[in-house]
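Source file work-v9.cif; content: mmCIF, C-alpha atoms, pLDDT in the B column; chains and numbers go by the auth columns.
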data_structure
loop_
_atom_site.group_PDB
_atom_site.id
_atom_site.type_symbol
_atom_site.label_atom_id
_atom_site.label_comp_id
_atom_site.label_asym_id
_atom_site.label_seq_id
_atom_site.Cartn_x
_atom_site.Cartn_y
_atom_site.Cartn_z
_atom_site.B_iso_or_equiv
_atom_site.auth_seq_id
_atom_site.auth_asym_id
ATOM 1 C CA MET A 1 24.604 10.406 20.071 39.00 1 A
ATOM 2 C CA ASN A 2 25.695 6.815 19.467 37.00 2 A
ATOM 3 C CA MET A 3 25.692 5.411 15.941 38.00 3 A
ATOM 4 C CA VAL A 4 24.785 1.753 15.311 36.00 4 A
ATOM 5 C CA THR A 5 24.972 -0.226 12.074 38.00 5 A
ATOM 6 C CA PRO A 6 22.386 -3.063 11.951 41.00 6 A
ATOM 7 C CA ASP A 7 24.941 -5.510 10.557 44.00 7 A
ATOM 8 C CA GLN A 8 27.305 -4.901 13.494 40.00 8 A
ATOM 9 C CA THR A 9 24.953 -5.971 16.249 42.00 9 A
ATOM 10 C CA GLN A 10 21.672 -7.744 16.686 52.00 10 A
ATOM 11 C CA ARG A 11 20.581 -5.784 19.756 62.00 11 A
ATOM 12 C CA GLU A 12 17.664 -3.389 19.418 67.00 12 A
ATOM 13 C CA PRO A 13 18.683 0.303 19.455 66.00 13 A
ATOM 14 C CA ALA A 14 17.205 2.491 22.148 71.00 14 A
ATOM 15 C CA VAL A 15 14.531 5.052 21.355 65.00 15 A
ATOM 16 C CA GLY A 16 16.256 8.088 19.818 60.00 16 A
ATOM 17 C CA GLU A 17 19.428 6.208 18.906 65.00 17 A
ATOM 18 C CA ILE A 18 20.573 6.780 15.322 63.00 18 A
ATOM 19 C CA ILE A 19 21.277 3.783 13.104 64.00 19 A
ATOM 20 C CA THR A 20 22.683 3.572 9.602 65.00 20 A
ATOM 21 C CA LEU A 21 20.310 1.730 7.297 60.00 21 A
ATOM 22 C CA THR A 22 21.648 0.847 3.858 61.00 22 A
ATOM 23 C CA ARG A 23 19.536 -0.086 0.857 54.00 23 A
ATOM 24 C CA ARG A 24 20.756 -3.663 1.162 55.00 24 A
ATOM 25 C CA SER A 25 19.922 -3.975 4.853 59.00 25 A
ATOM 26 C CA PHE A 26 16.529 -2.362 4.248 50.00 26 A
ATOM 27 C CA LEU A 27 15.644 -4.961 1.639 50.00 27 A
ATOM 28 C CA LYS A 28 16.801 -7.680 4.008 52.00 28 A
ATOM 29 C CA ALA A 29 14.645 -6.194 6.734 51.00 29 A
ATOM 30 C CA MET A 30 11.627 -6.396 4.470 48.00 30 A
ATOM 31 C CA GLY A 31 12.193 -10.130 4.144 45.00 31 A
ATOM 32 C CA ALA A 32 13.439 -10.149 0.545 40.00 32 A
ATOM 33 C CA GLY A 33 16.046 -12.788 1.277 41.00 33 A
ATOM 34 C CA ALA A 34 13.864 -15.161 3.271 39.00 34 A
ATOM 35 C CA LEU A 35 12.790 -17.360 0.368 37.00 35 A
ATOM 36 C CA THR A 36 16.318 -17.517 -1.051 35.00 36 A
ATOM 37 C CA LEU A 37 17.610 -18.758 2.285 35.00 37 A
ATOM 38 C CA ALA A 38 14.855 -21.325 2.497 34.00 38 A
ATOM 39 C CA LEU A 39 15.692 -22.757 -0.906 33.00 39 A
ATOM 40 C CA SER A 40 19.472 -22.711 -0.530 35.00 40 A
ATOM 41 C CA SER A 41 21.277 -26.011 -0.013 36.00 41 A
ATOM 42 C CA SER A 42 22.766 -24.811 3.280 37.00 42 A
ATOM 43 C CA PHE A 43 19.362 -24.025 4.778 36.00 43 A
ATOM 44 C CA ASP A 44 17.993 -26.688 7.101 39.00 44 A
ATOM 45 C CA VAL A 45 14.254 -26.144 7.337 37.00 45 A
ATOM 46 C CA MET A 46 14.151 -28.120 10.588 37.00 46 A
ATOM 47 C CA HIS A 47 16.808 -25.864 12.156 40.00 47 A
ATOM 48 C CA PRO A 48 16.528 -22.516 10.348 40.00 48 A
ATOM 49 C CA LEU A 49 18.940 -20.699 12.655 41.00 49 A
ATOM 50 C CA PRO A 50 22.717 -21.146 12.970 40.00 50 A
ATOM 51 C CA SER A 51 22.059 -22.063 16.593 42.00 51 A
ATOM 52 C CA PHE A 52 18.567 -23.012 17.701 40.00 52 A
ATOM 53 C CA ALA A 53 19.506 -22.163 21.282 43.00 53 A
ATOM 54 C CA GLN A 54 20.086 -18.528 20.226 47.00 54 A
ATOM 55 C CA ALA A 55 16.522 -18.080 19.005 45.00 55 A
ATOM 56 C CA PRO A 56 14.507 -15.626 21.105 47.00 56 A
ATOM 57 C CA GLY A 57 11.348 -16.863 22.764 46.00 57 A
ATOM 58 C CA VAL A 58 7.865 -16.138 21.465 48.00 58 A
ATOM 59 C CA GLY A 59 6.315 -15.231 24.791 48.00 59 A
ATOM 60 C CA LEU A 60 5.393 -18.770 25.847 48.00 60 A
ATOM 61 C CA PRO A 61 6.532 -20.565 29.012 50.00 61 A
ATOM 62 C CA GLU A 62 10.042 -21.954 28.775 54.00 62 A
ATOM 63 C CA GLY A 63 10.408 -25.717 28.745 57.00 63 A
ATOM 64 C CA GLU A 64 6.955 -26.380 27.304 72.00 64 A
ATOM 65 C CA ASN A 65 5.834 -27.409 23.835 81.00 65 A
ATOM 66 C CA TYR A 66 2.892 -25.991 21.932 80.00 66 A
ATOM 67 C CA ASP A 67 1.231 -26.224 18.557 86.00 67 A
ATOM 68 C CA VAL A 68 -0.240 -22.856 17.597 87.00 68 A
ATOM 69 C CA TRP A 69 -2.892 -22.885 14.863 89.00 69 A
ATOM 70 C CA SER A 70 -2.847 -19.821 12.654 88.00 70 A
ATOM 71 C CA LEU A 71 -2.790 -18.519 9.066 88.00 71 A
ATOM 72 C CA CYS A 72 0.222 -18.015 6.822 88.00 72 A
ATOM 73 C CA GLU A 73 0.804 -14.393 5.756 83.00 73 A
ATOM 74 C CA MET A 74 3.661 -15.070 3.346 85.00 74 A
ATOM 75 C CA CYS A 75 1.269 -14.661 0.399 81.00 75 A
ATOM 76 C CA VAL A 76 -2.358 -13.778 -0.256 77.00 76 A
ATOM 77 C CA TRP A 77 -3.744 -17.327 -0.008 79.00 77 A
ATOM 78 C CA ARG A 78 -3.349 -17.456 3.777 83.00 78 A
ATOM 79 C CA CYS A 79 -3.115 -21.213 4.058 87.00 79 A
ATOM 80 C CA GLY A 80 -3.897 -22.686 7.444 89.00 80 A
ATOM 81 C CA LEU A 81 -0.736 -23.547 9.304 89.00 81 A
ATOM 82 C CA GLN A 82 0.461 -25.264 12.431 90.00 82 A
ATOM 83 C CA ALA A 83 3.301 -23.484 14.237 91.00 83 A
ATOM 84 C CA ARG A 84 5.331 -25.888 16.335 90.00 84 A
ATOM 85 C CA VAL A 85 6.847 -24.271 19.420 89.00 85 A
ATOM 86 C CA ARG A 86 9.554 -26.138 21.300 86.00 86 A
ATOM 87 C CA ASP A 87 10.931 -24.842 24.586 83.00 87 A
ATOM 88 C CA GLY A 88 9.167 -21.555 24.017 81.00 88 A
ATOM 89 C CA LYS A 89 10.722 -20.987 20.565 85.00 89 A
ATOM 90 C CA LEU A 90 9.199 -21.197 17.114 87.00 90 A
ATOM 91 C CA PHE A 91 10.685 -24.373 15.676 86.00 91 A
ATOM 92 C CA LYS A 92 8.761 -25.305 12.514 90.00 92 A
ATOM 93 C CA LEU A 93 5.814 -24.225 10.383 91.00 93 A
ATOM 94 C CA GLU A 94 3.657 -26.916 8.817 90.00 94 A
ATOM 95 C CA GLY A 95 0.354 -27.018 6.962 89.00 95 A
ATOM 96 C CA ASN A 96 -2.905 -27.401 8.837 88.00 96 A
ATOM 97 C CA PRO A 97 -4.350 -30.785 7.787 87.00 97 A
ATOM 98 C CA TYR A 98 -7.866 -29.502 8.558 87.00 98 A
ATOM 99 C CA HIS A 99 -7.650 -26.379 6.418 85.00 99 A
ATOM 100 C CA PRO A 100 -9.807 -26.717 3.254 82.00 100 A
ATOM 101 C CA HIS A 101 -7.260 -25.014 1.005 79.00 101 A
ATOM 102 C CA SER A 102 -3.828 -26.225 2.098 79.00 102 A
ATOM 103 C CA LEU A 103 -4.943 -29.671 3.304 82.00 103 A
ATOM 104 C CA GLY A 104 -1.860 -30.015 5.488 86.00 104 A
ATOM 105 C CA LYS A 105 0.652 -28.707 2.931 84.00 105 A
ATOM 106 C CA LEU A 106 2.828 -25.601 3.229 87.00 106 A
ATOM 107 C CA CYS A 107 5.008 -24.359 0.383 86.00 107 A
ATOM 108 C CA PRO A 108 8.673 -23.278 0.779 85.00 108 A
ATOM 109 C CA ARG A 109 7.625 -19.629 0.958 86.00 109 A
ATOM 110 C CA GLY A 110 5.326 -20.406 3.856 88.00 110 A
ATOM 111 C CA GLN A 111 7.965 -22.429 5.677 87.00 111 A
ATOM 112 C CA ALA A 112 10.388 -19.529 5.232 87.00 112 A
ATOM 113 C CA GLY A 113 8.182 -17.611 7.650 89.00 113 A
ATOM 114 C CA VAL A 114 10.381 -18.977 10.446 90.00 114 A
ATOM 115 C CA GLU A 115 13.410 -17.328 8.892 88.00 115 A
ATOM 116 C CA THR A 116 11.500 -14.079 8.435 86.00 116 A
ATOM 117 C CA TYR A 117 10.454 -14.088 12.080 86.00 117 A
ATOM 118 C CA TYR A 118 13.994 -14.602 13.347 88.00 118 A
ATOM 119 C CA ASP A 119 15.765 -12.419 10.763 88.00 119 A
ATOM 120 C CA PRO A 120 18.178 -10.200 12.754 85.00 120 A
ATOM 121 C CA ASP A 121 17.449 -7.302 10.367 84.00 121 A
ATOM 122 C CA ARG A 122 13.677 -7.543 10.692 85.00 122 A
ATOM 123 C CA LEU A 123 12.086 -4.169 11.426 85.00 123 A
ATOM 124 C CA LYS A 124 10.196 -4.371 14.713 87.00 124 A
ATOM 125 C CA TYR A 125 9.852 -0.687 15.564 88.00 125 A
ATOM 126 C CA PRO A 126 9.376 2.662 13.724 92.00 126 A
ATOM 127 C CA LEU A 127 12.333 4.509 12.230 91.00 127 A
ATOM 128 C CA ILE A 128 12.414 8.232 11.390 93.00 128 A
ATOM 129 C CA ARG A 129 15.032 9.689 9.072 91.00 129 A
ATOM 130 C CA ALA A 130 17.693 11.495 11.110 90.00 130 A
ATOM 131 C CA GLY A 131 19.948 12.781 8.328 87.00 131 A
ATOM 132 C CA ASP A 132 19.835 14.097 4.788 89.00 132 A
ATOM 133 C CA ARG A 133 17.755 12.160 2.301 89.00 133 A
ATOM 134 C CA GLY A 134 19.869 9.298 1.018 87.00 134 A
ATOM 135 C CA SER A 135 22.262 9.361 3.981 88.00 135 A
ATOM 136 C CA GLY A 136 20.804 6.145 5.370 87.00 136 A
ATOM 137 C CA LYS A 137 20.633 7.556 8.897 90.00 137 A
ATOM 138 C CA PHE A 138 17.509 6.802 10.923 91.00 138 A
ATOM 139 C CA ARG A 139 16.623 6.935 14.600 92.00 139 A
ATOM 140 C CA ARG A 140 14.297 4.682 16.504 92.00 140 A
ATOM 141 C CA ALA A 141 11.017 6.314 17.495 93.00 141 A
ATOM 142 C CA THR A 142 8.114 5.313 19.671 93.00 142 A
ATOM 143 C CA TRP A 143 4.893 4.238 17.990 93.00 143 A
ATOM 144 C CA GLU A 144 3.153 7.337 19.357 93.00 144 A
ATOM 145 C CA GLU A 145 5.764 9.668 17.840 95.00 145 A
ATOM 146 C CA ALA A 146 5.787 7.819 14.519 93.00 146 A
ATOM 147 C CA LEU A 147 1.982 7.854 14.193 92.00 147 A
ATOM 148 C CA ASP A 148 1.764 11.537 15.150 95.00 148 A
ATOM 149 C CA PHE A 149 4.531 12.422 12.687 94.00 149 A
ATOM 150 C CA THR A 150 2.844 10.501 9.876 93.00 150 A
ATOM 151 C CA ALA A 151 -0.542 12.074 10.620 93.00 151 A
ATOM 152 C CA GLN A 152 0.967 15.568 10.610 95.00 152 A
ATOM 153 C CA GLN A 153 2.687 15.012 7.271 94.00 153 A
ATOM 154 C CA MET A 154 -0.453 13.536 5.716 94.00 154 A
ATOM 155 C CA GLN A 155 -2.562 16.448 6.958 95.00 155 A
ATOM 156 C CA ALA A 156 -0.029 18.971 5.642 96.00 156 A
ATOM 157 C CA ILE A 157 -0.152 17.399 2.171 96.00 157 A
ATOM 158 C CA LYS A 158 -3.951 17.355 2.219 96.00 158 A
ATOM 159 C CA ASP A 159 -4.199 20.995 3.315 96.00 159 A
ATOM 160 C CA ARG A 160 -1.748 22.224 0.668 96.00 160 A
ATOM 161 C CA TYR A 161 -2.495 20.014 -2.334 96.00 161 A
ATOM 162 C CA GLY A 162 -5.754 18.232 -1.555 96.00 162 A
ATOM 163 C CA PRO A 163 -6.349 14.557 -0.727 95.00 163 A
ATOM 164 C CA GLU A 164 -5.910 13.578 -4.381 93.00 164 A
ATOM 165 C CA ALA A 165 -2.182 14.301 -4.066 94.00 165 A
ATOM 166 C CA MET A 166 -1.711 11.241 -1.859 91.00 166 A
ATOM 167 C CA ILE A 167 -1.479 7.703 -3.213 88.00 167 A
ATOM 168 C CA PHE A 168 -2.011 4.714 -0.927 84.00 168 A
ATOM 169 C CA SER A 169 -0.518 1.314 -1.577 82.00 169 A
ATOM 170 C CA THR A 170 -0.778 -1.796 0.558 78.00 170 A
ATOM 171 C CA THR A 171 -0.290 -5.500 0.250 75.00 171 A
ATOM 172 C CA HIS A 172 -3.214 -7.895 0.297 72.00 172 A
ATOM 173 C CA ASN A 173 -3.444 -9.061 3.906 71.00 173 A
ATOM 174 C CA LEU A 174 -5.746 -9.110 6.906 73.00 174 A
ATOM 175 C CA LEU A 175 -5.068 -5.425 7.637 77.00 175 A
ATOM 176 C CA GLN A 176 -6.276 -4.269 4.222 79.00 176 A
ATOM 177 C CA PRO A 177 -9.836 -3.348 5.374 82.00 177 A
ATOM 178 C CA VAL A 178 -8.346 -1.125 8.087 83.00 178 A
ATOM 179 C CA PHE A 179 -6.084 0.517 5.509 82.00 179 A
ATOM 180 C CA GLU A 180 -9.051 1.065 3.193 84.00 180 A
ATOM 181 C CA ASN A 181 -10.960 2.790 6.003 88.00 181 A
ATOM 182 C CA LEU A 182 -8.023 5.206 6.371 88.00 182 A
ATOM 183 C CA LEU A 183 -8.075 5.808 2.611 87.00 183 A
ATOM 184 C CA LYS A 184 -11.784 6.667 2.631 89.00 184 A
ATOM 185 C CA ALA A 185 -11.444 8.952 5.648 92.00 185 A
ATOM 186 C CA TYR A 186 -8.543 10.786 4.005 93.00 186 A
ATOM 187 C CA GLY A 187 -10.495 11.227 0.779 93.00 187 A
ATOM 188 C CA SER A 188 -7.965 10.026 -1.786 91.00 188 A
ATOM 189 C CA PRO A 189 -9.144 7.977 -4.783 89.00 189 A
ATOM 190 C CA ASN A 190 -5.596 6.803 -5.532 89.00 190 A
ATOM 191 C CA TYR A 191 -5.278 3.262 -4.271 83.00 191 A
ATOM 192 C CA GLY A 192 -3.094 0.392 -5.362 81.00 192 A
ATOM 193 C CA THR A 193 -2.556 -3.058 -3.943 79.00 193 A
ATOM 194 C CA GLN A 194 -0.874 -6.316 -4.808 74.00 194 A
ATOM 195 C CA ARG A 195 -4.176 -7.232 -6.451 74.00 195 A
ATOM 196 C CA SER A 196 -3.697 -4.383 -8.939 73.00 196 A
ATOM 197 C CA LEU A 197 -0.894 -6.359 -10.594 74.00 197 A
ATOM 198 C CA CYS A 198 -2.292 -9.842 -10.061 75.00 198 A
ATOM 199 C CA PHE A 199 -5.840 -10.821 -9.128 77.00 199 A
ATOM 200 C CA ASN A 200 -7.595 -7.819 -10.641 79.00 200 A
ATOM 201 C CA ALA A 201 -6.374 -8.728 -14.123 82.00 201 A
ATOM 202 C CA MET A 202 -7.629 -12.285 -13.607 82.00 202 A
ATOM 203 C CA ILE A 203 -11.022 -11.060 -12.378 86.00 203 A
ATOM 204 C CA VAL A 204 -11.472 -8.710 -15.334 88.00 204 A
ATOM 205 C CA ALA A 205 -10.537 -11.487 -17.774 88.00 205 A
ATOM 206 C CA ASN A 206 -12.971 -13.902 -16.111 89.00 206 A
ATOM 207 C CA LEU A 207 -15.784 -11.338 -16.156 93.00 207 A
ATOM 208 C CA MET A 208 -15.256 -10.648 -19.853 93.00 208 A
ATOM 209 C CA THR A 209 -14.966 -14.358 -20.699 93.00 209 A
ATOM 210 C CA TYR A 210 -17.300 -16.165 -18.313 92.00 210 A
ATOM 211 C CA GLY A 211 -19.397 -13.396 -16.799 93.00 211 A
ATOM 212 C CA VAL A 212 -18.272 -14.192 -13.223 92.00 212 A
ATOM 213 C CA GLU A 213 -15.275 -13.054 -11.181 87.00 213 A
ATOM 214 C CA GLU A 214 -13.904 -16.561 -10.706 82.00 214 A
ATOM 215 C CA PRO A 215 -15.485 -19.688 -12.164 84.00 215 A
ATOM 216 C CA GLY A 216 -15.638 -22.792 -10.026 82.00 216 A
ATOM 217 C CA ARG A 217 -13.062 -25.533 -10.469 79.00 217 A
ATOM 218 C CA ASP A 218 -13.214 -29.265 -9.922 82.00 218 A
ATOM 219 C CA TYR A 219 -9.930 -31.164 -10.218 77.00 219 A
ATOM 220 C CA ASN A 220 -11.263 -34.553 -9.170 83.00 220 A
ATOM 221 C CA ASP A 221 -11.656 -35.943 -12.717 86.00 221 A
ATOM 222 C CA VAL A 222 -8.781 -34.053 -14.366 85.00 222 A
ATOM 223 C CA ASP A 223 -6.051 -36.190 -15.928 88.00 223 A
ATOM 224 C CA TYR A 224 -3.726 -33.533 -17.273 85.00 224 A
ATOM 225 C CA ILE A 225 -3.237 -29.798 -16.587 81.00 225 A
ATOM 226 C CA ILE A 226 -0.831 -27.420 -18.316 80.00 226 A
ATOM 227 C CA TYR A 227 0.332 -24.427 -16.271 75.00 227 A
ATOM 228 C CA THR A 228 2.146 -21.630 -18.090 71.00 228 A
ATOM 229 C CA GLY A 229 4.642 -19.538 -16.139 68.00 229 A
ATOM 230 C CA ARG A 230 3.835 -21.344 -12.923 68.00 230 A
ATOM 231 C CA ASN A 231 6.094 -23.475 -10.753 68.00 231 A
ATOM 232 C CA LEU A 232 3.962 -25.212 -8.157 67.00 232 A
ATOM 233 C CA MET A 233 7.061 -26.464 -6.353 68.00 233 A
ATOM 234 C CA GLU A 234 8.070 -22.926 -5.390 69.00 234 A
ATOM 235 C CA ALA A 235 5.115 -21.234 -3.750 65.00 235 A
ATOM 236 C CA ILE A 236 1.440 -20.272 -3.697 68.00 236 A
ATOM 237 C CA SER A 237 -1.727 -22.310 -4.064 60.00 237 A
ATOM 238 C CA THR A 238 -0.876 -25.624 -2.445 59.00 238 A
ATOM 239 C CA ARG A 239 -4.417 -26.863 -3.113 58.00 239 A
ATOM 240 C CA ARG A 240 -3.584 -27.350 -6.796 57.00 240 A
ATOM 241 C CA ARG A 241 -0.496 -29.304 -5.855 56.00 241 A
ATOM 242 C CA ASN A 242 -2.708 -31.710 -3.950 55.00 242 A
ATOM 243 C CA SER A 243 -4.971 -32.371 -6.929 53.00 243 A
#
Is it possible to give me this structure as structure tokens?
Amino acid sequence: MNMVTPDQTQREPAVGEIITLTRRSFLKAMGAGALTLALSSSFDVMHPLPSFAQAPGVGLPEGENYDVWSLCEMCVWRCGLQARVRDGKLFKLEGNPYHPHSLGKLCPRGQAGVETYYDPDRLKYPLIRAGDRGSGKFRRATWEEALDFTAQQMQAIKDRYGPEAMIFSTTHNLLQPVFENLLKAYGSPNYGTQRSLCFNAMIVANLMTYGVEEPGRDYNDVDYIIYTGRNLMEAISTRRRNS
């Protein structure tokens, strides 16, 4: 069976083909380096790829230009964005001027979504371990095989140890309600999200202080605001940057 290292080629391995996935390449595949690339001096946000002509298409007719209106998923705020497609390729992400939160702005993290989309190490298909744990060897699987394998392993754990032995963790995105339905059907009370380390602490503090989850804010007449541990030039909450 052929062996492929992700760093050696950008082609997609065939189903069943074994690849070597290192810890470094796995973190790259999860998009950990996208923001660093976006903020580096050598990164041109207008041309995020070494060669724009090498960028794969996004399923739109070649030779035509589009503006696709969508939501940013680079953080939990989901600012409205405008994806500019040129010659069938994603060219630039900008803020949606009609969105009530972003008001046409998009932070560097959001703009790095182009780099994440075109990252050659981005995971676009399931991988199943094909060697000893820690060997870094995985093979490409079909979605049907991967889902069946996951369901079998989850059922085996539930039958042997009970549903409480499984912990579920997900990020805070548009798929979270679907994930929560799976959690309830499985019967596990162990659930953690990005909110567990961020928003939940804020909500508890607001409830104990003000009696509501999040008090309303009006920045129109504010002259001076002090933010502690917050760099508005980096990412998240572009609405405050507009105030």
Item to complete: May I have the residues within 7 Å of His99 in chain A as a ChimeraX atom specification, using all atoms listed in the file and disregarding those fewer than 4 positions away in the same chain?
Response: /A:80,103-104
* Convert the output of the PyMOL selection byres ((chain A and resi 174-187) around 12) on the shown file into explicit residues, formatted as a VMD selection string. => chain A and resid 71 to 78 151 154 to 159 162 to 173 188 to 195
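In this model, the gap between CA of Val85 in chain A and CA of Pro126 in chain A comes to 27.6 Å.
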Coordinates of box centre and edge lengths for range 89-103 of chain A, 4 Å on every side, axis-aligned, as AutoDock Vina command-line options:
--center_x 0.5 --center_y -25.9 --center_z 10.8 --size_x 28.5 --size_y 17.8 --size_z 27.6
Q: Give as a VMD selection string the residues that the PyMOL selection byres ((chain A and resi 67) around 7) matches when applied to the coordinates above.
A: chain A and resid 66 68 to 69 82 to 85
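We find CA of Glu94 in chain A and CA of Leu197 in chain A to be spaced 28.6 Å apart.
Put simply, CA of Gly88 in chain A is 6.2 Å away from CA of Glu64 in chain A.
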Keeping N, CA and C atoms, write range 60-81 of chain A of the structure just shown out as a compact mmCIF listing (two decimals), in the first residue's frame.
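Result file out09.txt:
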# COMPACT_ATOMS: atom_id res chain seq x y z
N LEU A 60 -18.11 27.41 -8.83
CA LEU A 60 -18.85 28.40 -9.57
C LEU A 60 -18.31 28.46 -11.00
N PRO A 61 -19.10 28.95 -11.93
CA PRO A 61 -18.66 28.98 -13.34
C PRO A 61 -17.36 29.76 -13.51
N GLU A 62 -16.45 29.20 -14.28
CA GLU A 62 -15.19 29.88 -14.55
C GLU A 62 -15.44 31.16 -15.36
N GLY A 63 -14.61 32.16 -15.10
CA GLY A 63 -14.68 33.38 -15.87
C GLY A 63 -15.76 34.34 -15.42
N GLU A 64 -16.44 34.05 -14.32
CA GLU A 64 -17.49 34.92 -13.84
C GLU A 64 -17.19 35.36 -12.41
N ASN A 65 -17.70 36.52 -12.05
CA ASN A 65 -17.46 37.10 -10.74
C ASN A 65 -18.74 37.10 -9.92
N TYR A 66 -18.59 36.80 -8.63
CA TYR A 66 -19.73 36.74 -7.74
C TYR A 66 -19.38 37.39 -6.41
N ASP A 67 -20.38 37.85 -5.72
CA ASP A 67 -20.28 38.22 -4.31
C ASP A 67 -21.25 37.34 -3.55
N VAL A 68 -20.71 36.47 -2.69
CA VAL A 68 -21.52 35.54 -1.93
C VAL A 68 -21.69 36.08 -0.51
N TRP A 69 -22.93 36.24 -0.07
CA TRP A 69 -23.21 36.76 1.26
C TRP A 69 -23.35 35.59 2.23
N SER A 70 -22.61 35.66 3.33
CA SER A 70 -22.61 34.53 4.26
C SER A 70 -22.28 35.02 5.66
N LEU A 71 -21.93 34.08 6.55
CA LEU A 71 -21.52 34.39 7.91
C LEU A 71 -20.11 33.86 8.15
N CYS A 72 -19.34 34.60 8.92
CA CYS A 72 -17.99 34.18 9.27
C CYS A 72 -18.06 33.15 10.39
N GLU A 73 -17.30 32.06 10.24
CA GLU A 73 -17.26 31.01 11.27
C GLU A 73 -15.89 30.93 11.94
N MET A 74 -15.10 32.00 11.82
CA MET A 74 -13.78 31.98 12.44
C MET A 74 -13.83 32.25 13.94
N CYS A 75 -14.96 32.72 14.45
CA CYS A 75 -15.17 32.82 15.89
C CYS A 75 -16.67 32.77 16.15
N VAL A 76 -17.06 32.91 17.40
CA VAL A 76 -18.46 32.69 17.77
C VAL A 76 -19.39 33.84 17.41
N TRP A 77 -18.84 35.00 17.02
CA TRP A 77 -19.71 36.15 16.76
C TRP A 77 -20.42 36.05 15.42
N ARG A 78 -19.86 35.30 14.49
CA ARG A 78 -20.48 35.07 13.19
C ARG A 78 -20.87 36.39 12.50
N CYS A 79 -19.92 37.23 12.32
CA CYS A 79 -20.19 38.49 11.63
C CYS A 79 -20.62 38.22 10.19
N GLY A 80 -21.52 39.07 9.69
CA GLY A 80 -21.91 38.96 8.30
C GLY A 80 -20.74 39.29 7.39
N LEU A 81 -20.55 38.52 6.36
CA LEU A 81 -19.43 38.77 5.47
C LEU A 81 -19.87 38.72 4.01
